[in-house]
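Engineer: Dropping in run_23.txt, with compact mmCIF, C-alpha atoms and all ligand atoms.
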```txt
# COMPACT_ATOMS: atom_id res chain seq x y z
CA MET A 1 57.48 85.08 18.64
CA ARG A 2 56.59 88.75 18.04
CA GLY A 3 58.38 91.06 20.47
CA LEU A 4 55.97 93.32 22.31
CA THR A 5 57.44 96.72 23.10
CA GLY A 6 55.21 98.01 25.90
CA MET A 7 53.59 101.23 27.00
CA PHE A 8 54.46 104.72 25.85
CA LEU A 9 53.50 107.61 28.10
CA ASP A 10 51.29 110.12 26.27
CA THR A 11 52.28 113.38 27.96
CA GLY A 12 54.64 116.34 27.81
CA LYS A 13 54.87 116.90 31.56
CA LEU A 14 58.43 116.36 32.76
CA GLN A 15 57.46 115.49 36.33
CA GLU A 16 55.02 112.80 35.18
CA ILE A 17 57.56 111.36 32.77
CA ALA A 18 60.25 111.28 35.48
CA THR A 19 57.87 109.51 37.89
CA TYR A 20 56.77 106.77 35.48
CA HIS A 21 60.21 106.37 33.91
CA ALA A 22 61.68 105.73 37.36
CA LEU A 23 59.24 102.80 37.79
CA GLY A 24 60.75 101.12 34.74
CA ILE A 25 57.33 100.51 33.18
CA ILE A 26 57.38 102.77 30.11
CA ARG A 27 59.18 102.12 26.84
CA GLY A 28 58.83 105.56 25.23
CA VAL A 29 56.98 108.88 25.20
CA THR A 30 54.53 110.34 22.69
CA THR A 31 53.55 113.98 22.39
CA ASN A 32 51.51 116.03 19.96
CA PRO A 33 50.83 119.77 19.62
CA THR A 34 47.60 119.51 21.64
CA ILE A 35 49.39 117.82 24.54
CA LEU A 36 52.26 120.34 24.55
CA ALA A 37 49.89 123.33 24.38
CA LYS A 38 47.68 121.91 27.15
CA GLU A 39 50.66 121.23 29.36
CA GLY A 40 51.92 124.76 29.38
CA VAL A 41 54.70 124.81 26.79
CA ARG A 42 55.16 128.51 26.01
CA GLY A 43 57.69 130.67 24.20
CA GLY A 44 57.17 129.55 20.59
CA TRP A 45 59.85 127.40 18.98
CA PRO A 46 62.50 127.92 21.69
CA GLY A 47 59.93 126.69 24.24
CA ILE A 48 58.98 123.65 22.14
CA GLU A 49 62.64 122.79 21.55
CA GLU A 50 63.52 123.09 25.22
CA ARG A 51 60.65 120.83 26.35
CA CYS A 52 61.34 118.19 23.68
CA ARG A 53 65.05 118.16 24.43
CA ASP A 54 64.33 117.81 28.17
CA ILE A 55 61.92 114.90 27.60
CA ALA A 56 64.36 113.16 25.26
CA LYS A 57 67.23 113.54 27.73
CA LEU A 58 65.11 112.31 30.62
CA VAL A 59 64.19 109.01 28.98
CA GLU A 60 67.20 108.45 26.71
CA PRO A 61 67.63 106.03 24.94
CA LEU A 62 63.85 105.41 24.86
CA PRO A 63 62.08 106.91 21.81
CA VAL A 64 60.17 110.19 21.97
CA SER A 65 57.66 111.18 19.26
CA VAL A 66 57.46 114.86 18.32
CA GLU A 67 54.80 115.94 15.83
CA VAL A 68 55.17 118.42 12.99
CA THR A 69 53.12 121.60 13.36
CA THR A 70 52.43 122.35 9.70
CA ASP A 71 50.43 120.91 6.83
CA ASP A 72 52.98 121.99 4.23
CA PRO A 73 55.28 119.18 2.98
CA GLU A 74 58.37 121.41 2.68
CA GLY A 75 57.76 122.76 6.18
CA MET A 76 57.29 119.21 7.53
CA LEU A 77 60.59 118.09 6.00
CA GLU A 78 62.38 121.08 7.51
CA GLN A 79 60.85 120.43 10.94
CA ALA A 80 61.63 116.70 10.79
CA ARG A 81 65.30 117.44 10.14
CA MET A 82 65.32 119.97 12.98
CA PHE A 83 63.65 117.61 15.51
CA VAL A 84 66.20 114.84 15.01
CA ARG A 85 69.04 117.32 15.58
CA TRP A 86 67.59 118.05 19.04
CA ALA A 87 68.21 114.48 20.28
CA PRO A 88 69.09 111.10 18.75
CA ASN A 89 66.06 109.38 20.35
CA ILE A 90 63.49 111.74 18.82
CA ASN A 91 61.29 110.36 16.04
CA VAL A 92 58.97 112.46 13.91
CA LYS A 93 55.19 112.22 13.91
CA ILE A 94 53.65 112.88 10.51
CA PRO A 95 49.85 112.72 10.05
CA ILE A 96 48.71 110.16 7.47
CA HIS A 97 47.47 113.02 5.32
CA GLY A 98 46.78 116.72 5.55
CA VAL A 99 43.51 118.52 6.27
CA GLY A 100 42.53 118.26 2.62
CA GLY A 101 43.60 114.60 2.17
CA GLY A 102 46.20 113.94 -0.52
CA THR A 103 49.29 111.78 -0.97
CA GLU A 104 52.10 114.23 -0.06
CA ASN A 105 52.45 113.12 3.56
CA LEU A 106 52.98 109.48 2.65
CA ARG A 107 55.57 110.48 0.06
CA LEU A 108 57.34 112.45 2.76
CA VAL A 109 57.20 109.49 5.18
CA HIS A 110 58.91 107.34 2.55
CA GLU A 111 61.50 110.03 1.81
CA LEU A 112 62.32 110.59 5.50
CA GLU A 113 62.72 106.88 6.25
CA THR A 114 64.63 105.88 3.13
CA GLY A 115 66.41 109.08 2.06
CA HIS A 116 67.13 110.84 5.35
CA ASP A 117 67.36 107.89 7.74
CA ILE A 118 64.77 109.53 10.01
CA ARG A 119 62.40 107.36 12.03
CA VAL A 120 58.75 108.27 11.44
CA ASN A 121 55.62 107.67 13.50
CA VAL A 122 52.64 108.03 11.16
CA THR A 123 49.79 109.42 13.22
CA ALA A 124 46.08 110.29 13.25
CA MET A 125 45.05 106.98 11.63
CA MET A 126 41.58 105.52 12.08
CA SER A 127 41.75 102.20 10.23
CA ALA A 128 43.89 99.15 9.56
CA GLN A 129 44.01 100.04 5.88
CA GLN A 130 45.58 103.45 6.53
CA CYS A 131 48.12 101.84 8.86
CA LEU A 132 48.95 99.22 6.22
CA LEU A 133 49.76 101.94 3.68
CA ALA A 134 51.93 103.79 6.21
CA ALA A 135 53.81 100.56 6.97
CA MET A 136 54.28 99.93 3.24
CA ALA A 137 55.72 103.43 2.85
CA GLY A 138 58.38 102.43 5.38
CA ALA A 139 57.15 104.02 8.62
CA THR A 140 58.84 102.70 11.75
CA TYR A 141 55.65 103.24 13.80
CA VAL A 142 52.03 103.27 12.66
CA SER A 143 49.62 104.90 15.12
CA LEU A 144 45.98 103.86 15.22
CA PHE A 145 43.82 106.20 17.33
CA GLY A 146 41.88 103.50 19.14
CA GLY A 147 39.77 105.72 21.39
CA ARG A 148 38.62 107.84 18.48
CA VAL A 149 37.92 104.70 16.41
CA ASN A 150 35.69 103.31 19.19
CA ASN A 151 34.01 106.71 19.56
CA MET A 152 33.04 106.59 15.87
CA GLY A 153 31.30 103.27 16.50
CA TYR A 154 33.96 101.01 14.96
CA ASN A 155 35.77 98.21 16.75
CA THR A 156 39.40 99.02 17.57
CA CYS A 157 40.26 95.45 18.60
CA GLY A 158 39.04 94.20 15.22
CA GLU A 159 41.16 96.79 13.38
CA ILE A 160 44.23 95.83 15.42
CA ARG A 161 43.76 92.10 14.74
CA ARG A 162 43.35 92.75 11.03
CA LEU A 163 46.42 94.99 10.91
CA ARG A 164 48.52 92.54 12.94
CA ALA A 165 47.70 89.71 10.55
CA LEU A 166 48.50 91.84 7.50
CA LEU A 167 51.82 93.20 8.80
CA ASP A 168 52.90 89.71 9.86
CA ALA A 169 51.89 88.25 6.49
CA PHE A 170 53.90 90.93 4.67
CA GLY A 171 56.84 90.58 7.06
CA SER A 172 56.62 94.30 7.82
CA PRO A 173 58.83 95.52 10.67
CA ALA A 174 56.49 98.49 11.41
CA LYS A 175 55.46 98.68 15.06
CA ILE A 176 51.75 99.05 15.76
CA ILE A 177 51.06 101.84 18.24
CA VAL A 178 47.52 102.14 19.50
CA GLY A 179 46.86 105.48 21.13
CA SER A 180 44.04 107.81 22.08
CA THR A 181 43.45 105.42 24.96
CA ARG A 182 40.32 106.21 26.96
CA GLU A 183 39.88 103.32 29.41
CA ILE A 184 42.24 101.24 31.55
CA LEU A 185 40.76 98.10 29.98
CA ASN A 186 41.92 99.30 26.53
CA ILE A 187 45.60 98.83 27.45
CA VAL A 188 45.51 95.08 27.98
CA GLU A 189 42.82 94.36 25.36
CA TRP A 190 44.78 96.22 22.66
CA PHE A 191 47.99 94.34 23.51
CA GLU A 192 46.01 91.09 23.36
CA ALA A 193 44.61 92.08 19.97
CA GLY A 194 48.16 92.53 18.60
CA ALA A 195 49.44 96.05 19.35
CA ASP A 196 53.18 96.34 19.93
CA ILE A 197 52.77 99.57 21.87
CA VAL A 198 49.85 101.21 23.65
CA THR A 199 50.08 104.85 24.64
CA ALA A 200 48.55 105.95 27.92
CA VAL A 201 48.17 109.08 29.98
CA PRO A 202 49.55 108.78 33.55
CA GLN A 203 46.04 108.57 35.08
CA LEU A 204 45.37 105.33 33.18
CA LEU A 205 48.64 103.76 34.36
CA GLU A 206 47.79 104.79 37.91
CA GLY A 207 44.36 103.19 37.52
CA MET A 208 46.03 100.02 36.23
CA LEU A 209 48.31 99.89 39.25
CA ILE A 210 46.09 100.78 42.17
CA HIS A 211 43.28 98.48 43.30
CA PRO A 212 40.98 99.13 46.28
CA TYR A 213 41.22 95.49 47.41
CA SER A 214 45.05 95.67 47.35
CA LYS A 215 44.78 98.73 49.59
CA GLU A 216 42.47 96.86 51.96
CA THR A 217 44.76 93.82 51.98
CA VAL A 218 47.84 95.90 52.77
CA GLN A 219 45.84 97.65 55.48
CA GLN A 220 45.02 94.26 57.03
CA PHE A 221 48.69 93.20 56.96
CA LEU A 222 49.77 96.46 58.59
CA ARG A 223 47.10 96.15 61.31
CA ASP A 224 48.19 92.59 62.10
CA ALA A 225 51.88 93.53 61.94
CA THR A 226 51.23 96.13 64.66
CA LYS A 227 49.49 93.50 66.82
CA LEU A 228 52.39 91.15 66.24
CA GLU A 229 54.99 93.73 67.22
CA GLN A 230 53.06 94.76 70.35
CA ALA A 231 52.64 91.15 71.41
CA GLU A 232 56.39 90.71 71.15
CA GLU A 233 56.99 93.76 73.36
CA ARG A 234 54.71 92.41 76.14
CA GLN A 235 56.47 89.03 76.29
CA GLN A 236 60.03 88.68 77.41
CA PRO A 237 62.11 88.08 74.37
CA GLN A 238 63.28 84.49 74.46
CA ARG A 239 66.96 84.05 75.10
CA ILE A 240 68.63 82.25 72.36
CA SER A 241 71.44 80.32 73.96
CA LYS A 242 74.17 78.58 72.11
CA PRO A 243 73.52 74.86 71.88
CA GLY A 244 75.82 73.01 74.29
CA PRO A 245 77.23 69.53 73.76
CA ARG A 246 74.49 67.01 73.38
CA VAL A 247 74.19 64.72 76.42
CA ALA A 248 72.50 61.37 76.04
CA ARG A 249 69.41 61.12 78.21
CA VAL A 250 69.59 58.17 80.60
CA VAL A 251 66.29 56.41 80.62
CA ALA A 252 65.61 54.85 84.02
C1 LIG B 301 49.12 109.20 20.41
O1 LIG B 301 50.18 109.10 19.88
C2 LIG B 301 48.36 110.47 20.46
O2 LIG B 301 49.21 111.48 20.92
C3 LIG B 301 47.19 110.47 21.40
O3 LIG B 301 46.99 109.20 21.95
C4 LIG B 301 45.98 111.11 20.84
O4 LIG B 301 44.91 110.91 21.70
P1 LIG B 301 43.57 111.77 21.75
O5 LIG B 301 42.56 111.10 20.92
O6 LIG B 301 43.23 111.74 23.20
O7 LIG B 301 43.90 113.17 21.26
```
Written as structure tokens, how would this file's structure read?
Ligand code: E4P
Structural biologist:
Amino acid sequence: MRGLTGMFLDTGKLQEIATYHALGIIRGVTTNPTILAKEGVRGGWPGIEERCRDIAKLVEPLPVSVEVTTDDPEGMLEQARMFVRWAPNINVKIPIHGVGGGTENLRLVHELETGHDIRVNVTAMMSAQQCLLAAMAGATYVSLFGGRVNNMGYNTCGEIRRLRALLDAFGSPAKIIVGSTREILNIVEWFEAGADIVTAVPQLLEGMLIHPYSKETVQQFLRDATKLEQAEERQQPQRISKPGPRVARVVA
């Protein structure tokens, strides 16, 4: 049977990562330049390096995806080699293609995986067919942006099912990541459709965990526990005496 991997946390905030990692429910972390900028990473490259090293150390040996910040293939190669020197559990996110399209990124994915032994997460993909090509190029992870796919009016679950069937038929070891998650429901439905990994922001995991009726139920138990304890205080605690030797009752 196919081995599901689980949820990756989609954040660059150390405190959030520490909290969810301590619960034992995440299997990796994904970042991208937008996330790091939004979450207050400052100081140029030294700042980026420090945050990525801290995240990688915090969750080691779980994988952490760090995305290249350039569209230039030479620059991407240089950055990929730098990222993996920061920590052994860092993998490199490369977009499926650059802003102008083209084939250079896929060539680089193949070169990194086969020539440099660097694990690649191919990102920013919107269809099963793009993911199939990334898997064929040797990518360890192929990331479908499910929320953006749904927002364009296409059906993410359908794309995942199609991709799952193709990767299985080809015997591809690439792991399907579905990210860009917008709703709590997406997490379970995308796993059911065949994703190996679903990325989620902490608010979605919190929404998955906390249920108003669970709160009400726990409240009821606590209320009744208080009654129970107070009732015990009012009564004399029963003495528990050691059982003596059993004496046969004489029936008159
Ligand atoms: C996943 O790897 C991406 O970082 C992320 O899910 C992108 O999501 P967005 O569509 O919210 O930017």
Engineer: Show me which residues sit within 7 Å of ligand LIG 301 (chain B) when counting all atoms listed in the file, and put them as an mmCIF file with C-alpha atoms, keeping the file's coordinate frame.
Structural biologist:
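Contents of the output file selection26.cif:
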```cif
data_model
loop_
_atom_site.group_PDB
_atom_site.id
_atom_site.type_symbol
_atom_site.label_atom_id
_atom_site.label_comp_id
_atom_site.auth_asym_id
_atom_site.auth_seq_id
_atom_site.Cartn_x
_atom_site.Cartn_y
_atom_site.Cartn_z
ATOM 1 C CA ASP A 10 51.290 110.120 26.270
ATOM 2 C CA THR A 30 54.530 110.340 22.690
ATOM 3 C CA THR A 31 53.550 113.980 22.390
ATOM 4 C CA ASN A 32 51.510 116.030 19.960
ATOM 5 C CA THR A 123 49.790 109.420 13.220
ATOM 6 C CA SER A 143 49.620 104.900 15.120
ATOM 7 C CA PHE A 145 43.820 106.200 17.330
ATOM 8 C CA GLY A 147 39.770 105.720 21.390
ATOM 9 C CA ARG A 148 38.620 107.840 18.480
ATOM 10 C CA GLY A 179 46.860 105.480 21.130
ATOM 11 C CA SER A 180 44.040 107.810 22.080
ATOM 12 C CA THR A 181 43.450 105.420 24.960
ATOM 13 C CA THR A 199 50.080 104.850 24.640
ATOM 14 C CA ALA A 200 48.550 105.950 27.920
#
```
Engineer: List the residues sitting within 9 Å of (65.2, 108.1, 11.3) in the file's frame, using only C-alpha atoms, as a list in words.
Structural biologist: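 Residues lying no farther than 9 Å from the given point: Val84, Pro88, Ile90, Asn91, Val92, Leu112, Glu113, Thr114, His116, Asp117, Ile118, Arg119, Val120 and Thr140 of chain A.
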Engineer: Leaving out Arg42 in chain A and any residue of its chain fewer than 6 positions from it, which residues lie within 12 Å of it when counting only C-alpha atoms, given as a VMD selection string?
Structural biologist: chain A and resid 33 36 48 to 51
Engineer: So how many Å separate CA of Glu183 in chain A and CA of Glu60 in chain A, to one decimal?
Structural biologist: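 Interatomic distance here is 27.9 Å.
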Engineer: Need to verify the contact set: Pro73 in chain A, 9 Å, only C-alpha atoms, exclusion of same-chain residues closer than 3 positions in sequence. Can you return it as a count of residues only?
Structural biologist: 7
Engineer: For each of A:Asn150, A:Ser172, A:Thr11, A:Thr19, take the minimum atom-to-atom distance to Val66 in chain A, counting all atoms listed in the file, then give the residue where this is smallest.
Structural biologist: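 Using all atoms listed in the file, the shortest distance to Val66 in chain A belongs to A:Thr11.
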Engineer: Record the distance separating CA of Phe83 in chain A and CA of Gly24 in chain A, expressed in Å with one decimal.
Structural biologist: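 Rounded to one decimal, the two atoms are 25.5 Å apart.
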Engineer: Take CA of Leu133 in chain A and CA of Gly98 in chain A and report the distance between them in Å, one decimal.
Structural biologist: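 According to the coordinates, CA of Leu133 in chain A and CA of Gly98 in chain A are separated by 15.2 Å.
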Engineer: I want to know what sits within 12 Å of Gln15 in chain A, based on only C-alpha atoms, with residues of the same chain fewer than 6 positions away left out; could you give that as a count of residues only?
Structural biologist: 9
Engineer: Using all atoms of range 120-135 of chain A listed in the file and a margin of 3 Å per side, can you give the axis-aligned box centre and edge lengths in Å to one decimal, as JSON?
Structural biologist:
```
{"center_x": 50.2, "center_y": 104.7, "center_z": 8.6, "size_x": 23.2, "size_y": 17.1, "size_z": 15.8}
```
Engineer: Find the residues near Pro173 in chain A: any atom within 9 Å, counting only C-alpha atoms, skip ones fewer than 6 places away on the same chain, and give them as a PDB file with C-alpha atoms, in the frame of the given file.
Structural biologist:
```pdb
ATOM      1  CA  ALA A 135      53.810 100.560   6.970  1.00  0.00           C
ATOM      2  CA  GLY A 138      58.380 102.430   5.380  1.00  0.00           C
ATOM      3  CA  ALA A 139      57.150 104.020   8.620  1.00  0.00           C
ATOM      4  CA  THR A 140      58.840 102.700  11.750  1.00  0.00           C
ATOM      5  CA  TYR A 141      55.650 103.240  13.800  1.00  0.00           C
ATOM      6  CA  LEU A 167      51.820  93.200   8.800  1.00  0.00           C
TER       7      LEU A 167
END
```
Engineer: From the set A:Asp168, A:Asp224, A:Glu159, A:Asp72, which residue has the shortest atom-to-atom contact distance to Gln130 in chain A, counting all atoms listed in the file?
Structural biologist: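 For Gln130 in chain A, the nearest of the given residues is A:Glu159.
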Engineer: Mind completing range 135-155 of chain A with N, CA and C atoms? Output as a short mmCIF file (atom, residue, chain, number, x, y, z; two decimals), in the coordinates of the input, please?
Structural biologist:
```cif
data_model
loop_
_atom_site.label_atom_id
_atom_site.label_comp_id
_atom_site.auth_asym_id
_atom_site.auth_seq_id
_atom_site.Cartn_x
_atom_site.Cartn_y
_atom_site.Cartn_z
N ALA A 135 52.76 101.57 6.78
CA ALA A 135 53.81 100.56 6.97
C ALA A 135 54.50 100.26 5.64
N MET A 136 53.71 100.19 4.57
CA MET A 136 54.28 99.93 3.24
C MET A 136 55.20 101.06 2.79
N ALA A 137 54.88 102.28 3.22
CA ALA A 137 55.72 103.43 2.85
C ALA A 137 57.03 103.43 3.63
N GLY A 138 57.12 102.57 4.65
CA GLY A 138 58.38 102.43 5.38
C GLY A 138 58.38 103.03 6.77
N ALA A 139 57.21 103.41 7.28
CA ALA A 139 57.15 104.02 8.62
C ALA A 139 57.64 103.03 9.68
N THR A 140 58.39 103.54 10.63
CA THR A 140 58.84 102.70 11.75
C THR A 140 57.68 102.39 12.68
N TYR A 141 56.83 103.41 12.92
CA TYR A 141 55.65 103.24 13.80
C TYR A 141 54.39 103.64 13.04
N VAL A 142 53.31 102.88 13.24
CA VAL A 142 52.03 103.27 12.66
C VAL A 142 51.03 103.42 13.82
N SER A 143 50.47 104.62 13.96
CA SER A 143 49.62 104.90 15.12
C SER A 143 48.14 104.92 14.78
N LEU A 144 47.43 103.95 15.36
CA LEU A 144 45.98 103.86 15.22
C LEU A 144 45.36 104.55 16.44
N PHE A 145 44.43 105.46 16.22
CA PHE A 145 43.82 106.20 17.33
C PHE A 145 42.61 105.45 17.87
N GLY A 146 42.90 104.44 18.68
CA GLY A 146 41.88 103.50 19.14
C GLY A 146 40.67 104.13 19.81
N GLY A 147 40.90 105.10 20.69
CA GLY A 147 39.77 105.72 21.39
C GLY A 147 38.85 106.44 20.43
N ARG A 148 39.44 107.12 19.46
CA ARG A 148 38.62 107.84 18.48
C ARG A 148 37.89 106.86 17.57
N VAL A 149 38.55 105.73 17.25
CA VAL A 149 37.92 104.70 16.41
C VAL A 149 36.68 104.16 17.14
N ASN A 150 36.84 103.81 18.42
CA ASN A 150 35.69 103.31 19.19
C ASN A 150 34.59 104.37 19.27
N ASN A 151 35.01 105.63 19.46
CA ASN A 151 34.01 106.71 19.56
C ASN A 151 33.20 106.90 18.29
N MET A 152 33.78 106.49 17.14
CA MET A 152 33.04 106.59 15.87
C MET A 152 32.11 105.40 15.67
N GLY A 153 32.19 104.43 16.60
CA GLY A 153 31.30 103.27 16.50
C GLY A 153 31.95 102.08 15.82
N TYR A 154 33.26 102.17 15.53
CA TYR A 154 33.96 101.01 14.96
C TYR A 154 34.66 100.26 16.07
N ASN A 155 35.20 99.08 15.73
CA ASN A 155 35.77 98.21 16.75
C ASN A 155 37.30 98.21 16.66
#
```
